[in-house]
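Visitor: Okay, handing you the structure first.
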Amino acid sequence: MPGTIDDLIASIEVELEAAHKRSKKCGAEIQLILDKAQQDGRSALSVEEDERITELFAARDQAKSDVTGIENKLANANKIKAEEMERAEQQRTSAPTQVRRPSYDQVARVGREERTYRKDEDPHGKGFLMDLSRQFLYQDVEAASRLARHMQEERVERAEYFQRSVGTGAFAGLTVPQYLTDLYAPATANLRPFADACNRHPLPQSGMSVNISRITTSSSAALQASENAAVSETDMDDTLLTVNVQTAAGQQTISRQAIDRGTGIEDVVFQDLFNRVATTVDSALLNQATNGMTNVAAAVSYTDANPTGAELYPKILGAAAGGEAALLAMGKPNLAVMHSRRWYWLTSQMSATWPMVNWTNLPVQAAGQANPNSSYGSGARGVLPCGLEVIVDNNIATNLGAGTNEDEIYVVPSSECHLWEDPGAPMFIRAEQAKAANLGVLLVAYSYFAYTFGRYANGMQKVSGTGLVTPVF
């Protein structure tokens, strides 16, 4: 059944936006390759890089050509719409007659068009469900008309949700009214506060690893012994740092009955799966064997049977000093990543001793400043007197140490915490055929990512030890 001209224009606009994104993505990857060559100090690109840039330019040119064609198509569609609107306006135009007008104004006026399904009129969604049943079982024309009008409203007000719904295979694509699903209580998740604070890059379109050249033997310079004497020379050498692309994924099989008879079930399940994928990525960055932050960071030990905030703070500064000594001009520690229990313990500490050196805009009598407008996973929770921004992340382990009750504080430069992700992550799959015999629908969420903290040895530091046991408030 053909849609309206507005539906056609909307689909063309989506197609145009996708073409623009393809062009922009190609340009971003070309710039990334050139930036890498510039950082490595290479005067020419490798054969593989030349070939890849050629492919990207061709893809970008094709995308630009597509944009031109789509814009022409959109212009024609808008022209048709303008003609329809002009025709409708002419139909509404009336010529004056000799008929006497009524003594009252019978012109209808609409200030705001109400939604088809409204919370104040149908708080439990009974009308929506009845229309679904009538349209499916009896092909009720009026019910179908109300559902079509509701979906047009969804296209206008919740376009992203609609695009996701209609892209799910054999599912009808009907969107449940938002007010029927906005009160559900999702399961809590640690999410990805640290990952969001990292230096993020677009993941290459192909390959299962990201290769970085590390200069491990530098050139040299020395005072010249005398005029025309040989100057210092040391052959530079590099070591390849290979970062593997990993996959974080989760799945859930839900019954056909839950989808057919429930309200907003798929949206709730997908959101929970996305939260689990986000938590898995962040936890891998912090805790994964060998390459996770806890295994890469150089340790500054804080051992104390009766820890205090005043004693812990110099250890944090020691970690910052170690990181800056390793990085020099290549980076500066700017984040202190800690568990929420450690942050609240620090804010509970009282002291009459003020820092000798205080950061700009911090009260001199305070040992730090909290951000009252920040909550978990929404950015820096506060700032320490040395200027380190605090990121609270509950993916940090709390079962470390001999007593399995310690956590750690990571003092890191966000510029050297590299994370590659697909711009569209996380992705999802909705498959009915896989579980058709059980009347089940398989939902899968997944994300490709790669990360490294290893470009410079000892650039990452951590504070650990018995001083970071379970805090007592």
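Letters for chains follow the order of the structure tokens (A, B, ...), residue numbers begin at 1 for each chain, and ligand numbers begin at 1 in the order shown.
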Contacts of Asn78 (chain A) at 10 Å or less, counting only C-alpha atoms, minus same-chain residues fewer than 3 places along, as a PyMOL selection string?

Guide: chain A and resi 5-6+8-9+72-75+81-84

Visitor: Find the residues near region 328-343 of chain A: any atom within 6 Å, counting only C-alpha atoms, skip ones fewer than 3 places away on the same chain, and give them as a VMD selection string.

Guide: chain A and resid 320 324 to 325 346 388 to 394 396 409 to 413

Visitor: Would you mind exporting the chosen residues as a CSV table (one decimal), in the first residue's frame, restricted to all heavy atoms?

Guide:
```csv
chain,number,residue,atom,x,y,z
A,320,ALA,N,50.6,10.7,40.0
A,320,ALA,CA,50.5,11.7,39.0
A,320,ALA,C,52.0,12.1,38.6
A,320,ALA,O,52.3,12.3,37.4
A,320,ALA,CB,49.8,13.0,39.4
A,324,GLU,N,53.7,11.7,34.8
A,324,GLU,CA,54.2,12.8,34.1
A,324,GLU,C,55.7,12.6,33.8
A,324,GLU,O,56.2,13.0,32.7
A,324,GLU,CB,54.0,14.1,34.8
A,324,GLU,CG,54.5,15.3,34.0
A,324,GLU,CD,53.8,16.6,34.5
A,324,GLU,OE1,52.7,16.6,35.0
A,324,GLU,OE2,54.4,17.7,34.3
A,325,ALA,N,56.4,12.0,34.7
A,325,ALA,CA,57.9,11.7,34.5
A,325,ALA,C,58.1,10.7,33.3
A,325,ALA,O,59.0,10.8,32.6
A,325,ALA,CB,58.5,11.1,35.7
A,346,LEU,N,36.3,9.6,50.4
A,346,LEU,CA,37.2,10.8,50.4
A,346,LEU,C,36.4,12.1,50.8
A,346,LEU,O,36.9,12.9,51.5
A,346,LEU,CB,37.8,11.0,49.0
A,346,LEU,CG,39.1,10.3,48.7
A,346,LEU,CD1,39.5,10.5,47.2
A,346,LEU,CD2,40.2,10.8,49.6
A,388,LEU,N,43.3,17.1,39.2
A,388,LEU,CA,42.8,15.8,38.6
A,388,LEU,C,41.3,15.8,38.7
A,388,LEU,O,40.7,16.0,39.8
A,388,LEU,CB,43.4,14.7,39.4
A,388,LEU,CG,44.9,14.4,39.2
A,388,LEU,CD1,45.4,13.3,40.1
A,388,LEU,CD2,45.2,14.0,37.8
A,389,GLU,N,40.6,15.5,37.6
A,389,GLU,CA,39.2,15.3,37.6
A,389,GLU,C,38.9,13.8,38.0
A,389,GLU,O,39.5,12.9,37.6
A,389,GLU,CB,38.6,15.5,36.2
A,389,GLU,CG,38.7,17.0,35.8
A,389,GLU,CD,38.0,17.3,34.5
A,389,GLU,OE1,37.9,16.3,33.6
A,389,GLU,OE2,37.5,18.4,34.3
A,390,VAL,N,37.9,13.7,38.8
A,390,VAL,CA,37.5,12.4,39.4
A,390,VAL,C,36.4,11.7,38.5
A,390,VAL,O,35.4,12.3,38.3
A,390,VAL,CB,37.0,12.5,40.8
A,390,VAL,CG1,36.6,11.1,41.4
A,390,VAL,CG2,38.1,13.0,41.7
A,391,ILE,N,36.7,10.5,38.0
A,391,ILE,CA,35.7,9.7,37.3
A,391,ILE,C,35.3,8.6,38.2
A,391,ILE,O,36.2,7.8,38.7
A,391,ILE,CB,36.3,9.2,36.0
A,391,ILE,CG1,36.7,10.3,35.1
A,391,ILE,CG2,35.3,8.3,35.3
A,391,ILE,CD1,35.5,11.2,34.6
A,392,VAL,N,34.1,8.4,38.6
A,392,VAL,CA,33.6,7.3,39.4
A,392,VAL,C,33.1,6.2,38.5
A,392,VAL,O,32.3,6.4,37.6
A,392,VAL,CB,32.4,7.8,40.3
A,392,VAL,CG1,31.8,6.6,41.0
A,392,VAL,CG2,33.0,8.8,41.3
A,393,ASP,N,33.7,5.0,38.7
A,393,ASP,CA,33.4,3.8,37.9
A,393,ASP,C,33.3,2.6,38.8
A,393,ASP,O,34.3,2.2,39.4
A,393,ASP,CB,34.5,3.7,36.8
A,393,ASP,CG,34.1,2.7,35.7
A,393,ASP,OD1,33.3,1.7,36.1
A,393,ASP,OD2,34.4,2.9,34.6
A,394,ASN,N,32.2,2.0,38.9
A,394,ASN,CA,32.0,0.8,39.7
A,394,ASN,C,32.3,-0.5,39.0
A,394,ASN,O,32.1,-1.6,39.6
A,394,ASN,CB,30.6,0.8,40.3
A,394,ASN,CG,30.4,1.7,41.4
A,394,ASN,OD1,31.1,2.7,41.6
A,394,ASN,ND2,29.4,1.4,42.3
A,396,ILE,N,35.5,-0.9,38.7
A,396,ILE,CA,36.7,-1.2,39.4
A,396,ILE,C,36.5,-2.3,40.4
A,396,ILE,O,35.5,-2.2,41.2
A,396,ILE,CB,37.2,0.1,40.1
A,396,ILE,CG1,37.6,1.2,39.0
A,396,ILE,CG2,38.4,-0.1,41.0
A,396,ILE,CD1,38.0,2.5,39.6
A,409,ILE,N,42.9,3.1,42.7
A,409,ILE,CA,42.7,4.4,42.1
A,409,ILE,C,43.6,4.5,40.9
A,409,ILE,O,44.8,4.4,41.1
A,409,ILE,CB,42.9,5.6,43.1
A,409,ILE,CG1,41.9,5.5,44.3
A,409,ILE,CG2,42.7,6.9,42.4
A,409,ILE,CD1,42.1,6.5,45.4
A,410,TYR,N,43.1,4.8,39.8
A,410,TYR,CA,44.0,5.0,38.6
A,410,TYR,C,44.2,6.4,38.2
A,410,TYR,O,43.2,7.2,38.1
A,410,TYR,CB,43.3,4.2,37.4
A,410,TYR,CG,43.0,2.8,37.7
A,410,TYR,CD1,41.7,2.3,37.9
A,410,TYR,CD2,44.1,1.9,37.9
A,410,TYR,CE1,41.5,1.0,38.2
A,410,TYR,CE2,43.8,0.6,38.2
A,410,TYR,CZ,42.5,0.1,38.4
A,410,TYR,OH,42.3,-1.2,38.7
A,411,VAL,N,45.4,6.8,38.1
A,411,VAL,CA,45.8,8.2,37.8
A,411,VAL,C,46.3,8.2,36.4
A,411,VAL,O,47.4,7.7,36.2
A,411,VAL,CB,46.8,8.8,38.8
A,411,VAL,CG1,47.1,10.2,38.4
A,411,VAL,CG2,46.2,8.7,40.2
A,412,VAL,N,45.6,8.7,35.4
A,412,VAL,CA,45.9,8.5,34.0
A,412,VAL,C,45.7,9.7,33.2
A,412,VAL,O,44.9,10.6,33.5
A,412,VAL,CB,45.0,7.4,33.4
A,412,VAL,CG1,45.2,6.1,34.2
A,412,VAL,CG2,43.5,7.8,33.5
A,413,PRO,N,46.4,9.8,32.0
A,413,PRO,CA,46.1,10.9,31.1
A,413,PRO,C,45.1,10.4,30.1
A,413,PRO,O,45.3,9.3,29.4
A,413,PRO,CB,47.5,11.1,30.4
A,413,PRO,CG,48.2,9.8,30.5
A,413,PRO,CD,47.6,9.1,31.7
```

Visitor: For a quick check of understanding, using only C-alpha atoms, which of A:Leu327, A:Tyr456, A:Ile53, A:Ala450 has the smallest distance to Thr216 (chain A)?

Guide: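 Among A:Leu327, A:Tyr456, A:Ile53, A:Ala450, it is A:Tyr456 that comes nearest to Thr216 (chain A).
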
Visitor: Just list as an MDAnalysis selection string whatever in region 145-377 of chain A DSSP marks as strand (DSSP E).

Guide: chainID A and resid 199:202 209:217 237:244 246:255 298:301 335:338 369:370
